[in-house]
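query-v2.csv, holding CSV, C-alpha atoms:
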chain,number,residue,atom,x,y,z
A,29,ASN,CA,168.1,10.1,175.0
A,30,GLU,CA,166.3,9.0,171.8
A,31,PHE,CA,164.9,12.4,170.7
A,32,VAL,CA,165.7,16.1,170.3
A,33,TYR,CA,163.3,18.2,172.4
A,34,GLN,CA,162.3,21.6,171.0
A,35,GLU,CA,161.1,23.9,173.8
A,36,GLY,CA,158.5,26.6,173.3
A,37,THR,CA,156.2,27.1,170.4
A,38,THR,CA,157.3,26.2,166.9
A,39,TYR,CA,155.5,27.2,163.7
A,40,LEU,CA,156.1,24.8,160.8
A,41,VAL,CA,156.0,26.7,157.4
A,42,CYS,CA,155.0,23.9,155.1
A,43,CYS,CA,155.2,25.5,151.7
A,44,TRP,CA,158.4,26.3,149.9
A,45,VAL,CA,158.3,28.6,146.8
A,46,ASN,CA,160.8,30.2,144.5
A,47,HIS,CA,161.5,33.9,143.9
A,48,PHE,CA,161.4,36.6,146.5
A,49,GLY,CA,157.9,37.9,145.7
A,50,HIS,CA,156.4,34.4,145.9
A,51,ILE,CA,158.1,33.9,149.3
A,52,LEU,CA,156.5,37.2,150.5
A,53,LEU,CA,153.0,36.4,149.3
A,54,GLN,CA,152.7,32.7,149.7
A,55,MET,CA,154.8,32.0,152.8
A,56,PHE,CA,155.4,35.3,154.7
A,57,VAL,CA,152.0,36.9,154.6
A,58,SER,CA,150.0,33.7,155.1
A,59,ALA,CA,152.1,32.6,158.1
A,60,VAL,CA,151.4,35.8,160.0
A,61,HIS,CA,147.8,35.7,159.0
A,62,ALA,CA,147.6,32.1,160.4
A,63,LEU,CA,149.1,33.2,163.7
A,64,ASP,CA,146.6,36.1,163.9
A,65,LYS,CA,143.7,33.8,163.2
A,66,ILE,CA,144.6,31.5,166.1
A,67,GLY,CA,145.4,34.4,168.5
A,68,ALA,CA,149.1,33.9,168.6
A,69,MET,CA,150.2,37.5,167.6
A,70,MET,CA,151.4,38.3,171.1
A,71,GLN,CA,153.7,35.3,171.0
A,72,LEU,CA,155.1,36.6,167.7
A,73,ARG,CA,155.6,40.1,169.1
A,74,THR,CA,157.4,38.8,172.1
A,75,ASN,CA,159.6,36.5,170.0
A,76,SER,CA,158.2,33.4,171.7
A,77,ILE,CA,157.7,31.6,168.4
A,78,ASN,CA,160.4,29.6,166.5
A,79,PHE,CA,159.9,29.3,162.7
A,80,LEU,CA,160.8,26.0,161.1
A,81,VAL,CA,160.9,26.0,157.3
A,82,ASP,CA,160.3,22.7,155.4
A,83,ASN,CA,161.8,22.8,151.9
A,84,ARG,CA,161.0,19.2,150.9
A,85,ALA,CA,158.0,20.4,148.8
A,86,SER,CA,160.2,21.9,146.1
A,87,SER,CA,163.7,22.0,144.8
A,88,PHE,CA,163.2,25.7,143.8
A,89,GLY,CA,164.1,28.7,145.8
A,90,SER,CA,167.0,29.9,147.8
A,91,LYS,CA,167.2,28.6,151.4
A,92,GLU,CA,169.1,31.7,152.4
A,93,THR,CA,166.4,34.0,151.0
A,94,VAL,CA,163.6,32.2,152.7
A,95,LEU,CA,165.4,32.1,156.0
A,96,SER,CA,166.3,35.8,155.8
A,97,VAL,CA,162.7,36.8,155.2
A,98,PHE,CA,161.6,35.1,158.4
A,99,GLU,CA,164.6,36.4,160.3
A,100,PHE,CA,163.4,39.9,159.2
A,101,LEU,CA,160.0,39.0,160.7
A,102,THR,CA,161.5,37.9,164.0
A,103,LYS,CA,164.5,40.3,164.1
A,104,LYS,CA,166.5,37.3,165.4
A,105,THR,CA,168.5,34.7,163.5
A,106,ASN,CA,168.2,32.1,166.2
A,107,LYS,CA,164.4,32.0,165.8
A,108,VAL,CA,164.5,30.6,162.3
A,109,GLN,CA,165.9,27.3,161.0
A,110,SER,CA,165.1,24.7,158.3
A,111,LEU,CA,163.6,21.3,159.2
A,112,GLN,CA,166.4,19.7,157.2
A,113,ALA,CA,169.1,21.4,159.4
A,114,LEU,CA,167.2,20.3,162.5
A,115,GLU,CA,167.1,16.7,161.2
A,116,GLU,CA,170.8,16.7,160.4
A,117,LYS,CA,171.6,18.0,163.9
A,118,ALA,CA,169.6,15.3,165.5
A,119,LYS,CA,171.4,12.6,163.4
A,120,GLU,CA,174.8,14.1,164.4
A,121,ASP,CA,173.7,13.7,168.0
A,122,GLY,CA,172.6,10.2,167.5
A,123,LYS,CA,168.9,11.0,167.9
A,124,ASP,CA,166.1,9.4,165.9
A,125,ASN,CA,163.2,11.7,166.6
A,126,ILE,CA,162.4,15.4,167.1
A,127,CYS,CA,159.7,16.3,169.7
A,128,PHE,CA,158.1,19.7,170.1
A,129,GLU,CA,156.6,21.2,173.2
A,130,GLU,CA,154.0,23.0,171.0
A,131,LEU,CA,153.9,22.7,167.2
A,132,ILE,CA,151.7,24.8,164.9
A,133,VAL,CA,151.5,23.2,161.5
A,134,GLY,CA,151.3,25.8,158.7
A,135,MET,CA,148.1,25.8,156.8
A,136,LEU,CA,148.2,23.5,153.7
A,137,TYR,CA,144.9,24.2,152.0
A,138,ASP,CA,142.5,27.0,151.5
A,139,ASP,CA,139.8,25.3,153.6
A,140,LEU,CA,142.1,25.9,156.6
A,141,VAL,CA,142.4,29.5,155.7
A,142,HIS,CA,138.8,30.4,155.0
A,143,GLY,CA,136.8,27.4,156.2
A,144,GLY,CA,135.7,26.7,152.6
A,145,PRO,CA,136.3,23.6,150.4
A,146,LYS,CA,139.7,22.6,149.3
A,147,ILE,CA,140.7,23.8,145.8
A,148,GLU,CA,141.2,20.8,143.6
A,149,ASN,CA,144.3,20.6,141.3
A,150,MET,CA,145.5,23.9,142.7
A,151,LYS,CA,148.6,25.0,140.7
A,152,LEU,CA,150.0,27.4,143.2
A,153,PRO,CA,151.3,26.0,146.5
A,154,ALA,CA,149.0,26.8,149.3
A,155,PRO,CA,148.7,28.8,151.4
A,156,HIS,CA,148.7,32.0,149.4
A,157,ALA,CA,147.8,35.6,150.3
A,158,GLU,CA,144.2,36.7,149.8
A,159,ASN,CA,142.1,39.8,150.4
A,160,ASP,CA,142.9,41.7,153.6
A,161,MET,CA,145.4,39.1,154.8
A,162,LEU,CA,148.2,41.6,155.0
A,163,GLN,CA,147.1,43.8,157.9
A,164,PRO,CA,148.4,41.7,160.8
A,165,LEU,CA,151.9,41.6,159.1
A,166,ARG,CA,151.8,45.3,158.5
A,167,GLU,CA,151.0,46.1,162.1
A,168,HIS,CA,153.8,43.7,163.3
A,169,LEU,CA,156.4,45.2,161.0
A,170,GLU,CA,155.4,48.8,161.9
A,171,ASN,CA,155.9,47.8,165.6
A,172,ASN,CA,159.3,46.1,164.9
A,173,TYR,CA,160.6,48.7,162.6
A,174,PRO,CA,159.2,52.2,163.5
A,175,LEU,CA,159.5,54.9,160.9
A,176,THR,CA,161.9,57.3,162.6
A,177,LYS,CA,164.1,59.9,160.9
A,178,GLU,CA,167.2,58.0,162.2
A,179,ALA,CA,165.9,54.7,160.8
A,180,VAL,CA,165.1,56.2,157.4
A,181,SER,CA,168.4,58.0,157.3
A,182,TRP,CA,170.2,54.7,157.9
A,183,ALA,CA,168.0,52.8,155.3
A,184,ILE,CA,168.6,55.4,152.6
A,185,LYS,CA,172.3,55.3,153.0
A,186,GLU,CA,172.1,51.5,152.3
A,187,THR,CA,169.6,51.6,149.4
A,188,LYS,CA,170.3,54.8,147.4
A,189,PHE,CA,171.4,53.9,143.9
A,190,SER,CA,174.5,56.1,144.0
A,191,PRO,CA,176.5,57.0,147.1
A,192,ASN,CA,176.7,60.6,146.0
A,193,GLU,CA,173.0,60.9,145.3
A,194,ALA,CA,171.1,63.5,147.4
A,195,ASP,CA,168.0,62.6,149.2
A,196,SER,CA,165.9,65.3,150.8
A,197,PHE,CA,163.8,63.1,153.1
A,198,GLU,CA,164.7,65.4,156.0
A,199,GLU,CA,163.0,68.2,154.1
A,200,SER,CA,160.1,66.2,152.8
A,201,PRO,CA,157.7,63.9,154.6
A,202,PRO,CA,157.0,60.3,153.4
A,203,GLU,CA,153.7,61.5,151.9
A,204,CYS,CA,155.7,63.7,149.4
A,205,THR,CA,158.4,61.0,148.6
A,206,ILE,CA,158.5,59.1,145.3
A,207,THR,CA,160.8,56.1,145.3
A,208,PHE,CA,162.1,54.7,142.1
A,209,LEU,CA,163.6,51.2,142.3
A,210,ARG,CA,166.4,50.7,139.8
A,211,ARG,CA,168.6,47.7,139.2
A,212,LYS,CA,172.4,47.9,139.2
A,213,PHE,CA,172.8,44.6,137.3
A,214,ALA,CA,172.4,44.1,133.6
A,215,THR,CA,168.9,42.7,133.5
A,216,ARG,CA,165.5,44.5,133.5
A,217,THR,CA,167.2,47.9,133.3
A,218,ILE,CA,165.8,51.1,131.7
A,219,GLY,CA,167.6,52.3,128.7
A,220,ASN,CA,166.1,55.8,128.7
A,221,PHE,CA,166.2,56.3,132.5
A,222,ASP,CA,167.4,59.9,132.2
A,223,ASP,CA,164.3,60.8,130.2
A,224,VAL,CA,162.2,59.0,132.8
A,225,ILE,CA,163.6,61.0,135.7
A,226,ASN,CA,163.4,64.3,133.8
A,227,THR,CA,159.7,63.6,133.1
A,228,LEU,CA,159.2,63.0,136.9
A,229,VAL,CA,161.2,66.0,138.1
A,230,LYS,CA,160.6,68.6,135.3
A,231,GLU,CA,157.1,67.8,134.1
A,232,VAL,CA,155.1,66.1,136.8
A,233,PHE,CA,156.5,66.6,140.4
A,234,VAL,CA,157.9,70.0,139.7
A,235,GLU,CA,157.1,71.6,143.1
A,236,PRO,CA,159.9,71.8,145.6
A,237,MET,CA,158.0,69.8,148.3
A,238,TRP,CA,158.4,66.6,146.3
A,239,ASN,CA,161.3,64.2,147.0
A,240,ILE,CA,162.3,61.9,144.1
A,241,ARG,CA,164.7,59.2,145.2
A,242,THR,CA,166.4,56.5,143.2
A,243,VAL,CA,167.3,53.3,145.0
A,244,SER,CA,168.6,49.8,144.4
A,245,PHE,CA,167.8,46.7,146.4
A,246,ASP,CA,170.6,44.7,145.0
A,247,GLY,CA,172.3,43.9,148.3
A,248,PRO,CA,170.8,46.0,151.1
A,249,SER,CA,169.1,44.3,154.0
A,250,LEU,CA,165.3,43.6,154.1
A,251,GLU,CA,165.0,46.1,156.9
A,252,SER,CA,166.5,48.9,154.9
A,253,GLN,CA,164.3,47.9,151.9
A,254,TYR,CA,161.2,47.9,154.0
A,255,LEU,CA,161.9,51.3,155.6
A,256,THR,CA,162.7,52.8,152.2
A,257,VAL,CA,159.4,51.7,150.8
A,258,ARG,CA,157.5,52.5,154.0
A,259,SER,CA,158.8,56.1,153.9
A,260,SER,CA,157.3,56.7,150.4
A,261,ILE,CA,153.9,57.5,149.0
A,262,ALA,CA,154.6,56.0,145.6
A,263,PHE,CA,156.9,53.2,144.6
A,264,LEU,CA,158.0,52.6,141.0
A,265,SER,CA,159.7,49.4,139.7
A,266,VAL,CA,160.2,47.3,136.6
A,267,SER,CA,158.4,44.0,136.4
A,268,GLY,CA,160.3,41.3,138.3
A,269,THR,CA,162.7,43.7,140.2
A,270,GLY,CA,160.9,43.9,143.6
A,271,SER,CA,157.4,45.3,143.0
A,272,HIS,CA,156.0,43.0,145.7
A,273,LEU,CA,157.6,45.3,148.3
A,274,GLY,CA,154.9,47.9,147.3
A,275,MET,CA,152.6,46.1,149.7
A,276,PHE,CA,154.4,47.9,152.5
A,277,LEU,CA,153.5,51.4,151.3
A,278,PRO,CA,151.4,53.5,153.7
A,279,GLU,CA,147.7,53.5,153.2
A,280,GLY,CA,146.7,55.6,150.2
A,281,GLY,CA,150.1,54.9,148.5
A,282,SER,CA,150.6,53.9,144.8
A,283,SER,CA,152.6,51.0,143.4
A,284,ILE,CA,153.6,51.6,139.8
A,285,GLU,CA,154.9,48.8,137.7
A,286,ILE,CA,156.8,49.5,134.4
A,287,VAL,CA,155.8,46.4,132.4
A,288,PHE,CA,158.9,44.6,131.1
A,289,ASN,CA,158.4,43.0,127.7
A,290,ASN,CA,156.1,40.0,128.1
A,291,TYR,CA,155.4,40.4,131.8
A,292,SER,CA,151.8,41.0,132.8
A,293,PRO,CA,150.9,43.7,135.3
A,294,VAL,CA,148.8,41.1,137.0
A,295,LYS,CA,151.4,40.7,139.8
A,296,ASN,CA,151.2,44.3,140.7
A,297,LYS,CA,147.4,44.1,140.7
A,298,TYR,CA,147.7,41.1,143.0
A,299,ILE,CA,149.5,43.3,145.5
A,300,CYS,CA,146.4,45.5,145.6
A,301,LYS,CA,144.2,42.4,146.0
A,302,VAL,CA,145.9,41.7,149.4
A,303,SER,CA,146.4,45.5,150.0
A,304,PRO,CA,143.1,47.1,149.0
A,305,TYR,CA,144.1,50.4,150.6
A,306,LEU,CA,146.7,50.9,147.8
A,307,THR,CA,146.5,51.9,144.2
A,308,CYS,CA,148.3,49.7,141.6
A,309,LEU,CA,149.1,51.1,138.2
A,310,SER,CA,151.2,50.1,135.2
A,311,ALA,CA,153.1,52.0,132.5
A,312,ASN,CA,154.1,50.6,129.2
A,313,SER,CA,157.6,50.0,127.8
A,314,ILE,CA,159.1,49.7,124.4
A,315,CYS,CA,161.5,46.9,123.4
A,316,SER,CA,164.2,48.1,121.0
A,317,GLU,CA,166.1,44.8,120.7
A,318,SER,CA,165.6,42.3,117.9
A,319,ASN,CA,164.6,39.5,120.3
A,320,CYS,CA,162.4,41.0,123.0
A,321,LYS,CA,161.9,37.7,124.8
A,322,LYS,CA,165.6,37.7,125.7
A,323,ALA,CA,166.0,41.5,126.1
A,324,THR,CA,167.8,42.7,129.2
A,325,SER,CA,166.8,46.4,128.8
A,326,ILE,CA,163.7,48.3,127.9
A,327,ASP,CA,162.8,51.9,127.1
A,328,VAL,CA,159.9,53.4,129.0
A,329,ASP,CA,157.0,54.7,126.9
A,330,ILE,CA,157.3,58.3,128.1
A,331,GLU,CA,153.8,59.3,127.1
A,332,SER,CA,152.2,56.4,128.9
A,333,PHE,CA,154.5,57.0,131.9
A,334,LYS,CA,153.7,60.7,132.2
A,335,GLU,CA,150.0,60.0,132.0
A,336,VAL,CA,150.2,57.4,134.8
A,337,MET,CA,152.3,59.6,137.0
A,338,GLU,CA,150.1,62.7,136.6
A,339,GLY,CA,147.2,60.5,137.9
A,340,VAL,CA,149.4,59.4,140.8
A,341,LYS,CA,150.1,63.0,141.7
A,342,LYS,CA,146.4,63.8,141.7
A,343,ASP,CA,145.8,60.9,144.1
A,344,VAL,CA,148.5,61.7,146.6
A,345,LEU,CA,148.6,65.5,146.4
A,346,LYS,CA,146.3,66.2,149.3
A,347,LYS,CA,148.2,63.8,151.5
A,348,CYS,CA,151.4,65.5,150.6
A,349,ASN,CA,150.0,69.0,151.2
A,350,ASP,CA,148.5,68.0,154.6
A,351,ALA,CA,151.6,66.2,155.7
A,352,GLY,CA,153.8,69.0,154.5
A,353,GLU,CA,152.0,71.6,156.6
A,354,SER,CA,152.3,69.5,159.7
A,355,PHE,CA,155.9,68.6,158.9
A,356,LEU,CA,156.9,72.3,158.5
A,357,SER,CA,155.1,73.3,161.7
A,358,GLU,CA,157.0,70.6,163.7
A,359,LYS,CA,160.3,71.9,162.3
A,360,ASP,CA,159.3,75.5,163.3
Render the structure in this file as structure tokens.
Amino acid sequence: NEFVYQEGTTYLVCCWVNHFGHILLQMFVSAVHALDKIGAMMQLRTNSINFLVDNRASSFGSKETVLSVFEFLTKKTNKVQSLQALEEKAKEDGKDNICFEELIVGMLYDDLVHGGPKIENMKLPAPHAENDMLQPLREHLENNYPLTKEAVSWAIKETKFSPNEADSFEESPPECTITFLRRKFATRTIGNFDDVINTLVKEVFVEPMWNIRTVSFDGPSLESQYLTVRSSIAFLSVSGTGSHLGMFLPEGGSSIEIVFNNYSPVKNKYICKVSPYLTCLSANSICSESNCKKATSIDVDIESFKEVMEGVKKDVLKKCNDAGESFLSEKD
């Protein structure tokens, strides 16, 4: 009568970080990597693990965002809760303690990830994603969210930038699809977007086999965002608008970041650090406002952009051609 008893296995995610990309790399990837290291992936696949998020480490970050990321992992809302909510529930029931049938404590330091020495004065909250830590998560998500035409059709209806915008995914395989992430809100937008799209369609990806889609992730579910990226061979985004999702591109894919003002393309390169089977590139932008540090819009440097995208086309052309032949024969 003095304690709340949590049945089953509970994974305590000990680190709390701000911003969506940080949540993905420092909480999401490393949690699944930890479960893989201790041989608990089957428990994850069968939804036998409850996730408990502890946000006492920081006042930053949205509780709803963190919880939704782990709900995306489990596909069930009742498998994820915050430690604070559990404590409050215990107090409401007049209980002083919480006991767990089995508790896995999230890794706090790098020595528990790699078996090496603890990093002194580490500025980033640990754990954080490192080389080749992403593969267990990719396999889990591919199993949970298979790439079917029905699933992609649903996802694109949610994510496409304009309801009237055409998308020829039914005529083009993912290996021939270029996805451009565009914000609907008034920050980090592209002033010369029409010129950018014309460069893609009329000067680089001119052959009819290519599918160029423009999407927005301002509102759609994580499942639809994941399927939209996963059904692409190249993913373009402006710094700070969702480039971290490029980690879910298929092997051989390219993540292209349009550098926004003072942002560094290091974040995009970090995606390739944990996803070495991807190519990460960046294109320059031009600030036309008087105070670039406070600018809400940029113009893409078309010359730089075209050069980068021509290189992307060379990298993915064989995949597109091979997939296109198979895709057409299946339809026949």
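Neighbours of Glu331 (chain A) closer than or equal to 12 Å, with all atoms listed in the file counted and sequence neighbours fewer than 6 positions away skipped, come out as Asp223, Val224, Thr227, Leu228, Glu231, Val232, Ala311, Asn312, Ser313, Ile314, Met337 and Glu338 of chain A.
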Tell me which residues come within 10 Å of (152.3, 34.7, 164.3), as an MDAnalysis selection string, counting all atoms listed in the file in the file's coordinates. chainID A and resid 39 57:73 75:79 101:102 132 164:165 168
Using all atoms listed in the file, pick whichever of A:Leu169, A:Phe48, A:Lys341, A:Arg216 has the shortest atom-to-atom distance to Val234 (chain A).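 Closest residue, counting all atoms listed in the file: A:Lys341.
A straight line drawn from CA of Ser190 (chain A) to CA of Phe221 (chain A) is 14.2 Å long.
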Interatomic distance, CA of Lys104 (chain A) to CA of Glu279 (chain A) (Å, one decimal): 27.7 Å
Surrounding residues of Lys117 (chain A) excluding itself and chain neighbours under 6 positions, 10 Å, only C-alpha atoms, as number ranges by chain: A: 32, 111, 123
Pick out the residues sitting within 10 Å of Lys212 (chain A), and hand them over as a PDB file with C-alpha atoms, in the frame of the given file; count all atoms listed in the file, and ignore anything fewer than 4 positions along from it in its own chain.
ATOM      1  CA  PHE A 189     171.400  53.900 143.900  1.00  0.00           C
ATOM      2  CA  SER A 190     174.500  56.100 144.000  1.00  0.00           C
ATOM      3  CA  ARG A 216     165.500  44.500 133.500  1.00  0.00           C
ATOM      4  CA  THR A 217     167.200  47.900 133.300  1.00  0.00           C
ATOM      5  CA  VAL A 243     167.300  53.300 145.000  1.00  0.00           C
ATOM      6  CA  SER A 244     168.600  49.800 144.400  1.00  0.00           C
ATOM      7  CA  PHE A 245     167.800  46.700 146.400  1.00  0.00           C
ATOM      8  CA  ASP A 246     170.600  44.700 145.000  1.00  0.00           C
ATOM      9  CA  GLY A 247     172.300  43.900 148.300  1.00  0.00           C
TER      10      GLY A 247
END
Distance in Å - CA of Ser96 (chain A) versus CA of His272 (chain A):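 Separation of CA of Ser96 (chain A) and CA of His272 (chain A): 16.1 Å.
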Using only C-alpha atoms, determine which residues lie at most 9 Å from Leu277 (chain A), disregarding the query and same-chain residues fewer than 6 positions distant; provide the list as a PyMOL selection string. chain A and resi 254+257-263+283+306
May I have the centre and edge lengths, in Å to one decimal, of an axis-aligned box around the listed atoms of region 234-239 of chain A with 5 Å added to every side, as AutoDock Vina command-line options?
--center_x 159.2 --center_y 68.0 --center_z 144.0 --size_x 14.2 --size_y 17.6 --size_z 18.6
